[in-house]
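Data first, discussion second: the structure below is written as structure tokens.
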Amino acid sequence: MKLSCSPLPPSEIAADWLVLLLPEGFPLEGELAQINQSLGGLLDRLRSQQDFQGKLGELCQVPAPAGIAPQRLLLAGLGPVEALSVRSLNRTLQTAARTITGKPTRQVALSLRAVQSANLAPAALVQLAVTAFELGCEGQDLFRAEKKRHPLEELVLLVPADANSAELNAAAATGQILGESVNLARRLVNLPAEDIYPESFANQAVALASGAGIHCEVLDQQALEAEKMGSLLAVARGSGRPPRVVILEYRGAPGAGHKVLGLVGKGVTFDSGGLSLKPTDGMLTMKCDMAGAASVLAAVVAISRLKLPVNVIGMVGLVENMTGGRAMKLGDVLRSRRGVTIEVQNTDAEGRLVLADVLDLALSRGVDYLVDLATLTGACVVALGEDVVGAMSNNQAWCDRVLAAAQAVGEDTWQLPMFDHYADLIKSDVADIRNVGGRWGGAITAAKFLERFVGDKPWVHLDIAGPAFAAADKPHREGGGTGVMVRTLVELARTM
Ligand code: BES
Ligand code: MN
Ligand code: ZN
């Protein structure tokens with residue numbers, strides 16, 4: 001998608017669509033009065049006849065009045081100005097974008113002039129708008145002949161004549177990198193497990209890293225055995241596809257004294273459940289079980305493309321959880337890289353087995369702060385619903401920083417408690433711990449399991465089982481992979 005900023009009045013832009021973002025009640029003063037005038041009083045009429053009032057999520061499509069350059073108008077309501085948030089803006093922008101990309105379109109002009117908000121600078125608005133339009137251009141119909149989404153050729157941002165154009169251009173470029181990165185994660189999740197398996201995911205990582213100035217190392221089966229990653233390897237044993245661990249290193253802050261942010265992703269490229277086999281309904285979307293890995297890869301690529309002055313190590317554990325003749329069995333005792341022994345009581349609790357060894361490997365590579373992302377438990381979806389990320393941590397100050405980053409980019413995240421007594425639920429009679437904690441508090445007992453492998457480093461576990469994959473389309477987003485937390489991780493790196 002080509003991008004440009006223009007100081008022209010909206011009526012003079014030759015585009016397929018002119019999109020106007022309007023707050024509720026939109027007082028026709030200043031810039032907006034001029035726009036209304038150039039549209040022959042159209043905004044005034046729509047408002048007084050109650051055809052469009054600017055309520056949150058309200059959309060109105062109108063053929064452009066004669067005598068102006070754009071072909072059609074799309075008015076998008078923002079709701080009350082006082083209640084404007086990054087979340088509501090994202091929703092409105094994404095809804096507008098998806099409305100337009102439902103059929104082929106060349107050029108879209110987007111006016112941001114009517115949005116005056118105390119807590120959102122024009123540059124921030126431009127960045128959000130570009131990201132939203134990038135997301136709206138891409139669907140999950142990778143294999144459909146007849147596409148549901150049609151990428152735009154060009155987005156023209158209509159900005160105030162007195163705006164700082166260098167700053168706005170930079171914001172547009174940032175917005176584009178973020179949108180493309182979220183789309184990258186979405187695409188990886190949407191590809192079937194026959195296309196994305198440990199080896200092919202690793203190949204994608206290598207290719208992306210080499211174009212982005214990221215050092216990339218791939219550990220194959222032999223290297224994982226040499227690292228004694230018995231917990232991860234046990235999960236991989238049931239599959240004909242050998243496992244991989246990918247280590248991505250980005251050094252944006254060279255020299256001593258800089259802390260290293262470690263990002264760890266669960267990359268189960270397909271989760272059949274193993275011998276504790278999932279029923280069809282539960283297995284249907286399990287190509288999404290590598291969403292944590294996809295978001296980590298996409299975030300590191302974005303951080304590098306944005307040249308953020310931070311040091312990041314991204315690590316993803318890639319396995320397929322299958323039922324082959326050598327699959328792990330109930331009652332097996334695994335020896336993790338850290339030496340902690342694990343009794344397997346359910347082969348479908350495989351994500352924690354993978355993460356245990358990768359978190360431990362991350363510690364040995366010298367990370368100072370850890371965040372892991374995983375589609376880890378159905379219990380987290382029961383607790384928080386499909387659209388909210390669960391956060392669990394061993395360090396409140398670090399958790400607060402991660403939550404603040406999520407809030408800043410509008411990704412809904414909620415913390416769950418980590419009281420000591422939850423750890424009692426994963427005690428085993430035959431090994432140090434077992435891999436399930438019984439019926440209740442499943443999201444937290446999974447986190448308590450992971451906590452055994454992070455030493456004393458500040459760590460936040462993000463359970464993305466709900467938000468990583470959307471069952472159906474909504475007006476503001478496509479069904480399928482969502483690229484959840486890519487923007488949060490980039491924001492976190494930006495604030496380091
Ligand atoms: N990948 C699943 C979790 C999941 C569920 C992700 C729904 C996305 C949507 C995970 O490996 C799993 O199977 N967890 C089990 C754990 C249980 C056996 C303790 C679960 O949640 O049922
Ligand atoms: Mn599972
Ligand atoms: Zn899983």
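Following the order of the structure tokens, first chain is A, next is B, and so on, with residues numbered from 1 inside each chain and ligands from 1 in the order they appear.
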Q: Determine, counting only C-alpha atoms, which protein, DNA and RNA residues have an atom within 10 Å of an atom of Thr482 of chain A; residues of the same chain fewer than 4 positions away are not included. Present the result as a PyMOL selection string.
A: chain A and resi 135+140+182-187+189-190+288+291+295+467-470+477-478+486
**Q.** Residues within 7 Å of ligand 2, counting only C-alpha atoms and all ligand atoms, as a ChimeraX atom specification
**A.** /A:271,273,348-351
Prev. selection, all heavy atoms, output as a PDB file, in the first residue's frame:
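Heads up, here's the output in selection_8.pdb:
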ATOM      1  N   ASP A 271      -1.553 -29.003  17.228  1.00  0.00           N
ATOM      2  CA  ASP A 271      -1.784 -29.653  18.510  1.00  0.00           C
ATOM      3  C   ASP A 271      -2.966 -30.615  18.381  1.00  0.00           C
ATOM      4  O   ASP A 271      -4.120 -30.216  18.502  1.00  0.00           O
ATOM      5  CB  ASP A 271      -2.055 -28.596  19.593  1.00  0.00           C
ATOM      6  CG  ASP A 271      -2.230 -29.216  20.971  1.00  0.00           C
ATOM      7  OD1 ASP A 271      -1.972 -30.434  21.111  1.00  0.00           O
ATOM      8  OD2 ASP A 271      -2.617 -28.485  21.906  1.00  0.00           O
ATOM      9  N   GLY A 273      -3.291 -32.916  20.483  1.00  0.00           N
ATOM     10  CA  GLY A 273      -3.494 -33.371  21.854  1.00  0.00           C
ATOM     11  C   GLY A 273      -2.559 -34.528  22.198  1.00  0.00           C
ATOM     12  O   GLY A 273      -2.371 -34.870  23.343  1.00  0.00           O
ATOM     13  N   ASP A 348      -1.886 -33.528  26.270  1.00  0.00           N
ATOM     14  CA  ASP A 348      -2.418 -32.306  25.653  1.00  0.00           C
ATOM     15  C   ASP A 348      -1.931 -31.053  26.384  1.00  0.00           C
ATOM     16  O   ASP A 348      -2.105 -29.941  25.897  1.00  0.00           O
ATOM     17  CB  ASP A 348      -3.952 -32.368  25.634  1.00  0.00           C
ATOM     18  CG  ASP A 348      -4.555 -31.390  24.642  1.00  0.00           C
ATOM     19  OD1 ASP A 348      -3.796 -30.805  23.845  1.00  0.00           O
ATOM     20  OD2 ASP A 348      -5.785 -31.198  24.671  1.00  0.00           O
ATOM     21  N   ALA A 349      -1.318 -31.222  27.551  1.00  0.00           N
ATOM     22  CA  ALA A 349      -0.695 -30.076  28.223  1.00  0.00           C
ATOM     23  C   ALA A 349       0.757 -30.017  27.751  1.00  0.00           C
ATOM     24  O   ALA A 349       1.702 -30.151  28.540  1.00  0.00           O
ATOM     25  CB  ALA A 349      -0.804 -30.229  29.734  1.00  0.00           C
ATOM     26  N   GLU A 350       0.941 -29.849  26.429  1.00  0.00           N
ATOM     27  CA  GLU A 350       2.266 -29.947  25.808  1.00  0.00           C
ATOM     28  C   GLU A 350       2.978 -28.605  25.721  1.00  0.00           C
ATOM     29  O   GLU A 350       4.201 -28.555  25.676  1.00  0.00           O
ATOM     30  CB  GLU A 350       2.141 -30.558  24.401  1.00  0.00           C
ATOM     31  CG  GLU A 350       1.813 -29.570  23.257  1.00  0.00           C
ATOM     32  CD  GLU A 350       0.472 -28.884  23.415  1.00  0.00           C
ATOM     33  OE1 GLU A 350      -0.379 -29.400  24.162  1.00  0.00           O
ATOM     34  OE2 GLU A 350       0.263 -27.818  22.803  1.00  0.00           O
ATOM     35  N   GLY A 351       2.192 -27.518  25.702  1.00  0.00           N
ATOM     36  CA  GLY A 351       2.799 -26.200  25.503  1.00  0.00           C
ATOM     37  C   GLY A 351       3.787 -25.867  26.602  1.00  0.00           C
ATOM     38  O   GLY A 351       4.905 -25.394  26.348  1.00  0.00           O
TER      39      GLY A 351
END
Q.
At a cut-off of 9 Å around ligand 1, and using only C-alpha atoms and all ligand atoms, what residues come up? Please write them as number ranges by chain.
A. A: 268, 270-273, 276, 278, 282-283, 285-286, 288-290, 321, 345-352, 374-381, 386, 435-439, 442-443, 445-446, 463-469
Write the residues you've just listed into a file as a PDB file, in the first residue's frame, and include C-alpha atoms for each of them.
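For reference, again10.pdb as written:
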ATOM      1  CA  VAL A 268       3.225 -25.965  18.420  1.00  0.00           C
ATOM      2  CA  PHE A 270      -0.287 -28.447  15.231  1.00  0.00           C
ATOM      3  CA  ASP A 271      -1.784 -29.653  18.510  1.00  0.00           C
ATOM      4  CA  SER A 272      -3.699 -32.896  18.089  1.00  0.00           C
ATOM      5  CA  GLY A 273      -3.494 -33.371  21.854  1.00  0.00           C
ATOM      6  CA  SER A 276      -4.750 -37.492  25.146  1.00  0.00           C
ATOM      7  CA  LYS A 278      -8.544 -33.764  21.287  1.00  0.00           C
ATOM      8  CA  GLY A 282     -11.255 -28.809  19.869  1.00  0.00           C
ATOM      9  CA  MET A 283      -8.686 -29.799  17.247  1.00  0.00           C
ATOM     10  CA  THR A 285      -8.329 -24.631  14.860  1.00  0.00           C
ATOM     11  CA  MET A 286      -5.121 -26.094  16.303  1.00  0.00           C
ATOM     12  CA  CYS A 288      -3.137 -21.656  15.561  1.00  0.00           C
ATOM     13  CA  ASP A 289      -1.090 -23.217  18.364  1.00  0.00           C
ATOM     14  CA  MET A 290       2.061 -21.545  17.053  1.00  0.00           C
ATOM     15  CA  ASN A 321       2.064 -32.592  18.983  1.00  0.00           C
ATOM     16  CA  GLN A 345      -0.370 -36.863  33.155  1.00  0.00           C
ATOM     17  CA  ASN A 346      -1.921 -35.395  30.021  1.00  0.00           C
ATOM     18  CA  THR A 347      -0.155 -35.209  26.655  1.00  0.00           C
ATOM     19  CA  ASP A 348      -2.418 -32.306  25.653  1.00  0.00           C
ATOM     20  CA  ALA A 349      -0.695 -30.076  28.223  1.00  0.00           C
ATOM     21  CA  GLU A 350       2.266 -29.947  25.808  1.00  0.00           C
ATOM     22  CA  GLY A 351       2.799 -26.200  25.503  1.00  0.00           C
ATOM     23  CA  ARG A 352       4.290 -25.888  28.986  1.00  0.00           C
ATOM     24  CA  ALA A 374       1.502 -18.940  24.340  1.00  0.00           C
ATOM     25  CA  THR A 375      -1.868 -20.311  23.300  1.00  0.00           C
ATOM     26  CA  LEU A 376      -1.558 -22.256  26.509  1.00  0.00           C
ATOM     27  CA  THR A 377      -4.911 -23.051  28.113  1.00  0.00           C
ATOM     28  CA  GLY A 378      -8.613 -23.282  27.351  1.00  0.00           C
ATOM     29  CA  ALA A 379      -9.015 -22.343  31.020  1.00  0.00           C
ATOM     30  CA  CYS A 380      -7.749 -18.835  30.262  1.00  0.00           C
ATOM     31  CA  VAL A 381     -10.472 -18.457  27.618  1.00  0.00           C
ATOM     32  CA  GLU A 386     -12.055 -14.864  23.681  1.00  0.00           C
ATOM     33  CA  ASN A 435       2.218 -31.291  33.809  1.00  0.00           C
ATOM     34  CA  VAL A 436      -1.415 -30.728  34.832  1.00  0.00           C
ATOM     35  CA  GLY A 437      -2.943 -29.176  37.911  1.00  0.00           C
ATOM     36  CA  GLY A 438      -6.416 -30.647  38.035  1.00  0.00           C
ATOM     37  CA  ARG A 439      -9.721 -29.109  37.122  1.00  0.00           C
ATOM     38  CA  GLY A 442      -5.964 -24.144  34.859  1.00  0.00           C
ATOM     39  CA  ALA A 443      -4.504 -20.962  33.385  1.00  0.00           C
ATOM     40  CA  THR A 445      -1.425 -23.747  37.366  1.00  0.00           C
ATOM     41  CA  ALA A 446       0.054 -23.710  33.839  1.00  0.00           C
ATOM     42  CA  ASP A 463      -1.800 -16.644  27.676  1.00  0.00           C
ATOM     43  CA  ILE A 464      -3.209 -15.757  24.248  1.00  0.00           C
ATOM     44  CA  ALA A 465      -5.358 -18.889  23.754  1.00  0.00           C
ATOM     45  CA  GLY A 466      -8.496 -16.741  23.319  1.00  0.00           C
ATOM     46  CA  PRO A 467      -7.412 -13.731  21.247  1.00  0.00           C
ATOM     47  CA  ALA A 468      -4.838 -15.451  18.973  1.00  0.00           C
ATOM     48  CA  PHE A 469      -7.433 -16.891  16.639  1.00  0.00           C
TER      49      PHE A 469
END
Q | Backbone-only DSSP, alpha helix (DSSP H) members of segment 155-286 of chain A, as a PyMOL selection string | A | chain A and resi 165-190+198-210+221-226+230-236+280-283
Q.
Excluding Val245 of chain A and its own-chain neighbours fewer than 4 positions away, which residues fall within 6 Å of it when counting only C-alpha atoms? Please give them as JSON, numbers by chain.
A. {"A": [218, 219, 316, 317, 318]}
Q | Exercise: segment 324-340 of chain A partners within 6 Å, only C-alpha atoms, chain neighbours under 2 positions left out, as number ranges by chain | A | A: 228-231, 234, 237-239, 322, 342-345, 357
Q: Apply DSSP to the structure's backbone, then extract all residues of segment 296-442 of chain A labelled strand (DSSP E) and return them as a PyMOL selection string.
A: chain A and resi 311-321+333-335+341-343+369-374+389-393+413-415+433-434
Q: Can you work out which one of A:Leu112, A:Leu261, A:Met485, A:Ala236 has the shortest atom-to-atom distance to Leu370 of chain A, counting only C-alpha atoms?
A: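 With only C-alpha atoms as the atom set, the closest residue is A:Leu261.
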Write out as a PDB file with C-alpha atoms, in the first residue's frame the residues lying within 12 Å of Pro9 of chain A, counting only C-alpha atoms and excluding same-chain residues fewer than 4 positions away.
ATOM      1  CA  CYS A   5       0.195  12.928   3.239  1.00  0.00           C
ATOM      2  CA  ILE A  13      -8.715  14.838  -3.824  1.00  0.00           C
ATOM      3  CA  ALA A  14      -9.451  12.515  -6.741  1.00  0.00           C
ATOM      4  CA  LEU A  18     -13.069   9.926   0.908  1.00  0.00           C
ATOM      5  CA  GLU A  31     -11.868  22.762   9.410  1.00  0.00           C
ATOM      6  CA  LEU A  32     -15.090  20.800   9.570  1.00  0.00           C
ATOM      7  CA  ALA A  33     -17.169  23.837   8.630  1.00  0.00           C
ATOM      8  CA  GLN A  34     -15.017  24.207   5.517  1.00  0.00           C
ATOM      9  CA  ILE A  35     -15.377  20.524   4.640  1.00  0.00           C
ATOM     10  CA  ASN A  36     -19.140  20.764   5.121  1.00  0.00           C
ATOM     11  CA  GLN A  37     -19.247  23.793   2.873  1.00  0.00           C
ATOM     12  CA  SER A  38     -17.187  22.123   0.164  1.00  0.00           C
ATOM     13  CA  LEU A  39     -19.629  19.192   0.304  1.00  0.00           C
ATOM     14  CA  ILE A  68     -16.155  17.437  -5.934  1.00  0.00           C
ATOM     15  CA  ALA A  69     -13.259  15.177  -6.817  1.00  0.00           C
ATOM     16  CA  PRO A  70     -13.794  12.043  -4.657  1.00  0.00           C
ATOM     17  CA  ALA A 109      -8.253   9.562   1.013  1.00  0.00           C
ATOM     18  CA  LEU A 110      -8.628   9.691   4.776  1.00  0.00           C
ATOM     19  CA  SER A 111      -9.290  12.943   6.569  1.00  0.00           C
ATOM     20  CA  LEU A 112      -8.117  13.089  10.153  1.00  0.00           C
ATOM     21  CA  ARG A 113      -8.758  16.778  10.517  1.00  0.00           C
ATOM     22  CA  VAL A 156      -3.678   9.490   1.085  1.00  0.00           C
ATOM     23  CA  LEU A 157      -3.780  11.045   4.541  1.00  0.00           C
ATOM     24  CA  LEU A 158      -5.352  14.492   4.585  1.00  0.00           C
ATOM     25  CA  VAL A 159      -3.567  16.378   7.315  1.00  0.00           C
ATOM     26  CA  PRO A 160      -3.735  19.961   8.587  1.00  0.00           C
ATOM     27  CA  ALA A 161      -1.919  22.405   6.307  1.00  0.00           C
TER      28      ALA A 161
END
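If only C-alpha atoms and all ligand atoms are the atoms counted, then among A:Thr269, A:Thr488, A:Gln396, A:Thr323 the closest residue to ligand 3 is A:Thr269.
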